[in-house]
Structure formats: C-alpha cells, structure tokens
Amino acid sequence: MSFGPIQKLEKLTIKPESSKIEWFAEKITGQHNGLINLKRGSITVEDGQLKGGSFIVDMTTIKVTDLQGEYAQKLEGHLNSADFFNTAEYKTAEFTITGVKPQTGEEYNSVINGNLTIKGITHPTSFPAKIETTEGKFAAYGEMVIDRSKYDVRYGSNSFFDNLGDKAIYDEFTMKVSLGAKL
C-alpha cells in the first residue's frame, strides 16, 4: 500500500475546502440526501502509508439537497432536533482511525478501521476507501454505512418502535467522505 514519495512520518492537515461529506438516508417511501461540513482533521502518513488520523464533522451544518425551500428547512430542523442528532447538545461527530489495511480492487485500495462517535456514543466501524499520497498531498474517498440506532438516533426506527408501517426510516445511512490534505 505504498502510494508515493512521502518517505518519513508526516502529519498532514485535512483541508475543509478540499473535502466533501455527503449523506444518503432511505425510508420505506423514499430517500433524502444532503451535505455536512468537515470542521477539521489531520492524518499521519509514514513511508507512503496512511498510519492514523481523525476528522471532526460539524453536525450543525446538516443540509438537505434533494428538497427546496420550506420542505428542506423543515427536514433540516428535524435532523438537528433531539429526535435525530440533537445538534444543540452534540455539535460535532468524530472519526478516529485505528488501522488501515491494504485491499485489492478496482475502486478501493484500502479498508480503514476506526472509531466513530455520534451523540457522544462511540462504536468501531470500518469501510473501504481509495487512498492516494504523493509529494506531501493526500486524497481519500470512502463510503461509510452507519447504523444510526447504535448512536441513539431513534426517530422512525423499527429497532425501537413497532407498527410504523410505511413511516419507518431505515436504520442504516451512508456517508460518502472525500478528504484532501497537504503539508
């Protein structure tokens, strides 16, 4: 999993302006998607290999992109409420890398393992990623599938409520994360 000429241990700052986090959630009757801002982060690269790091997401920046106007504002308000992510109390979420394993494949060259904290609750998770490092620059793309019920995000979940019928919201949602960093 050697990616380029970075030969020594280097700490790189993740650039929010070079990064993007998209979210995708489904319910029985449809789906929604949007964006959320990266607040800050850093990674450690040694001998061309990702060794560790973490990034913090600003949960107060949840945006809905598949709806417009009043409908988008209502859903954004609901996602920020105590029913979902309670961003008044839990303003950030964090992912900390605990290990990186090489993987062969056309789209992804690594599996990133780490600890994800949402609403103050931490669970281990892993996801496939494409990682590239060259001359003091770092780029990574991955898709995390997150079970929201593990983080006490209960609204509309069949894991917590019976008889929701077509009002149920699936427990798993996806975050597509693209990170860019340089010295």
# chains A, B, ... in the order shown; residues from 1 in each chain; ligands from 1
>>> select_by_dssp(residues="chain A", states="strand (DSSP E or B)", output="VMD selection string")
chain A and resid 10 to 14 20 to 27 30 to 46 49 to 64 92 to 102 110 to 118 121 to 134 137 to 147 169 to 182
>>> residues_around(residues="segment 130-133 of chain A", least_positions_apart="2", cutoff="10 Å", atoms="only C-alpha atoms", output="PyMOL selection string")
chain A and resi 1-6+45+48-50+102-103+105-112+128+135-143+178-182
>>> write_last_selection(atoms="C-alpha atoms", output="CSV table (one decimal), in the first residue's frame")
chain,number,residue,atom,x,y,z
A,1,MET,CA,0.0,0.0,0.0
A,2,SER,CA,2.8,2.4,-0.8
A,3,PHE,CA,1.5,5.5,-2.6
A,4,GLY,CA,4.3,7.8,-3.4
A,5,PRO,CA,7.3,9.7,-2.3
A,6,ILE,CA,6.3,10.7,1.2
A,45,VAL,CA,1.5,9.3,6.8
A,48,GLY,CA,3.9,6.5,1.9
A,49,GLN,CA,1.2,4.7,4.0
A,50,LEU,CA,-1.7,6.1,6.0
A,102,PRO,CA,-4.4,-2.8,2.0
A,103,GLN,CA,-7.1,-4.2,-0.2
A,105,GLY,CA,-9.8,-3.9,-6.1
A,106,GLU,CA,-10.5,-1.5,-8.9
A,107,GLU,CA,-12.3,1.1,-6.9
A,108,TYR,CA,-10.9,0.8,-3.4
A,109,ASN,CA,-7.3,0.1,-2.3
A,110,SER,CA,-7.7,0.1,1.5
A,111,VAL,CA,-10.0,-0.7,4.4
A,112,ILE,CA,-10.0,1.9,7.1
A,128,PRO,CA,-13.5,0.6,2.0
A,135,GLU,CA,4.6,14.7,-2.7
A,136,GLY,CA,3.0,16.0,0.5
A,137,LYS,CA,-0.5,15.7,-0.7
A,138,PHE,CA,-3.2,13.2,0.4
A,139,ALA,CA,-6.6,12.3,-1.1
A,140,ALA,CA,-9.0,9.7,0.2
A,141,TYR,CA,-12.6,8.7,-0.7
A,142,GLY,CA,-14.7,6.2,1.1
A,143,GLU,CA,-18.3,5.2,1.9
A,178,SER,CA,-13.8,12.8,0.3
A,179,LEU,CA,-10.8,14.2,2.1
A,180,GLY,CA,-7.9,16.3,0.8
A,181,ALA,CA,-4.8,17.3,2.8
A,182,LYS,CA,-1.3,18.7,2.2
>>> residues_around(residues="His78 of chain A", least_positions_apart="4", cutoff="12 Å", atoms="only C-alpha atoms", output="ChimeraX atom specification")
/A:60,62-64,71-74,82-88,153,155-156
>>> closest_atom_pairs(of="segment 42-109 of chain A", to="segment 15-35 of chain A", cutoff="12 Å", atoms="only C-alpha atoms", output="JSON lines")
{"residue": "A:Ser42", "atom": "CA", "partner": "A:Lys15", "partner_atom": "CA", "distance": 8.6}
{"residue": "A:Ile43", "atom": "CA", "partner": "A:Lys15", "partner_atom": "CA", "distance": 10.9}
{"residue": "A:Phe55", "atom": "CA", "partner": "A:Pro16", "partner_atom": "CA", "distance": 10.0}
{"residue": "A:Ile56", "atom": "CA", "partner": "A:Pro16", "partner_atom": "CA", "distance": 10.2}
{"residue": "A:Val57", "atom": "CA", "partner": "A:Ile21", "partner_atom": "CA", "distance": 8.7}
{"residue": "A:Asp58", "atom": "CA", "partner": "A:Ile21", "partner_atom": "CA", "distance": 10.5}
{"residue": "A:Met59", "atom": "CA", "partner": "A:Leu35", "partner_atom": "CA", "distance": 10.2}
{"residue": "A:Thr60", "atom": "CA", "partner": "A:Leu35", "partner_atom": "CA", "distance": 11.1}
{"residue": "A:Thr61", "atom": "CA", "partner": "A:Leu35", "partner_atom": "CA", "distance": 7.9}
{"residue": "A:Ile62", "atom": "CA", "partner": "A:Leu35", "partner_atom": "CA", "distance": 6.1}
{"residue": "A:Lys63", "atom": "CA", "partner": "A:Leu35", "partner_atom": "CA", "distance": 5.2}
{"residue": "A:Val64", "atom": "CA", "partner": "A:Gly34", "partner_atom": "CA", "distance": 4.2}
{"residue": "A:Thr65", "atom": "CA", "partner": "A:Gly34", "partner_atom": "CA", "distance": 4.5}
{"residue": "A:Asp66", "atom": "CA", "partner": "A:Asn33", "partner_atom": "CA", "distance": 5.9}
{"residue": "A:Leu67", "atom": "CA", "partner": "A:His32", "partner_atom": "CA", "distance": 8.0}
{"residue": "A:Gln68", "atom": "CA", "partner": "A:Gly34", "partner_atom": "CA", "distance": 11.4}
{"residue": "A:Tyr71", "atom": "CA", "partner": "A:His32", "partner_atom": "CA", "distance": 11.4}
{"residue": "A:Ala72", "atom": "CA", "partner": "A:Gly34", "partner_atom": "CA", "distance": 9.8}
{"residue": "A:Leu75", "atom": "CA", "partner": "A:His32", "partner_atom": "CA", "distance": 9.4}
{"residue": "A:Glu76", "atom": "CA", "partner": "A:Gly34", "partner_atom": "CA", "distance": 9.6}
{"residue": "A:Leu79", "atom": "CA", "partner": "A:Gly34", "partner_atom": "CA", "distance": 11.2}
>>> closest_residue(among="A:Ser54, A:Ile36, A:Glu94, A:Thr13", to="Asn80 of chain A", atoms="only C-alpha atoms")
A:Ile36
>>> closest_residue(among="A:Asn115, A:Gly77, A:Lys8, A:Thr122", to="Gly99 of chain A", atoms="only C-alpha atoms")
A:Asn115
>>> select_by_dssp(residues="segment 61-96 of chain A", states="alpha helix (DSSP H)", output="ChimeraX atom specification")
/A:69-80
>>> write_last_selection(atoms="N, CA and C atoms", output="mmCIF file, in the first residue's frame")
data_model
loop_
_atom_site.group_PDB
_atom_site.id
_atom_site.type_symbol
_atom_site.label_atom_id
_atom_site.label_comp_id
_atom_site.auth_asym_id
_atom_site.auth_seq_id
_atom_site.Cartn_x
_atom_site.Cartn_y
_atom_site.Cartn_z
ATOM 1 N N GLY A 69 -36.603 25.024 -0.338
ATOM 2 C CA GLY A 69 -37.436 25.925 0.442
ATOM 3 C C GLY A 69 -37.888 25.383 1.781
ATOM 4 N N GLU A 70 -39.184 25.548 2.047
ATOM 5 C CA GLU A 70 -39.764 25.192 3.335
ATOM 6 C C GLU A 70 -39.582 23.706 3.670
ATOM 7 N N TYR A 71 -39.707 22.828 2.666
ATOM 8 C CA TYR A 71 -39.563 21.393 2.917
ATOM 9 C C TYR A 71 -38.149 21.049 3.360
ATOM 10 N N ALA A 72 -37.150 21.648 2.720
ATOM 11 C CA ALA A 72 -35.754 21.424 3.115
ATOM 12 C C ALA A 72 -35.514 21.964 4.522
ATOM 13 N N GLN A 73 -36.026 23.151 4.820
ATOM 14 C CA GLN A 73 -35.837 23.747 6.142
ATOM 15 C C GLN A 73 -36.476 22.903 7.240
ATOM 16 N N LYS A 74 -37.659 22.367 6.967
ATOM 17 C CA LYS A 74 -38.338 21.516 7.961
ATOM 18 C C LYS A 74 -37.518 20.260 8.245
ATOM 19 N N LEU A 75 -37.036 19.608 7.181
ATOM 20 C CA LEU A 75 -36.257 18.388 7.382
ATOM 21 C C LEU A 75 -34.932 18.703 8.081
ATOM 22 N N GLU A 76 -34.273 19.781 7.702
ATOM 23 C CA GLU A 76 -33.026 20.176 8.370
ATOM 24 C C GLU A 76 -33.266 20.428 9.857
ATOM 25 N N GLY A 77 -34.361 21.120 10.168
ATOM 26 C CA GLY A 77 -34.712 21.368 11.569
ATOM 27 C C GLY A 77 -34.950 20.073 12.328
ATOM 28 N N HIS A 78 -35.636 19.124 11.674
ATOM 29 C CA HIS A 78 -35.918 17.851 12.327
ATOM 30 C C HIS A 78 -34.626 17.047 12.541
ATOM 31 N N LEU A 79 -33.725 17.036 11.544
ATOM 32 C CA LEU A 79 -32.460 16.310 11.683
ATOM 33 C C LEU A 79 -31.589 16.901 12.797
ATOM 34 N N ASN A 80 -31.701 18.203 13.025
ATOM 35 C CA ASN A 80 -30.945 18.865 14.092
ATOM 36 C C ASN A 80 -31.589 18.680 15.465
#
>>> atom_distance(atom1="atom CA of Glu172 of chain A", atom2="atom CA of Gly114 of chain A")
17.7 Å
>>> atom_distance(atom1="atom CA of Lys150 of chain A", atom2="atom CA of Thr174 of chain A")
14.3 Å
>>> atom_distance(atom1="atom CA of Ser126 of chain A", atom2="atom CA of Ser149 of chain A")
16.8 Å
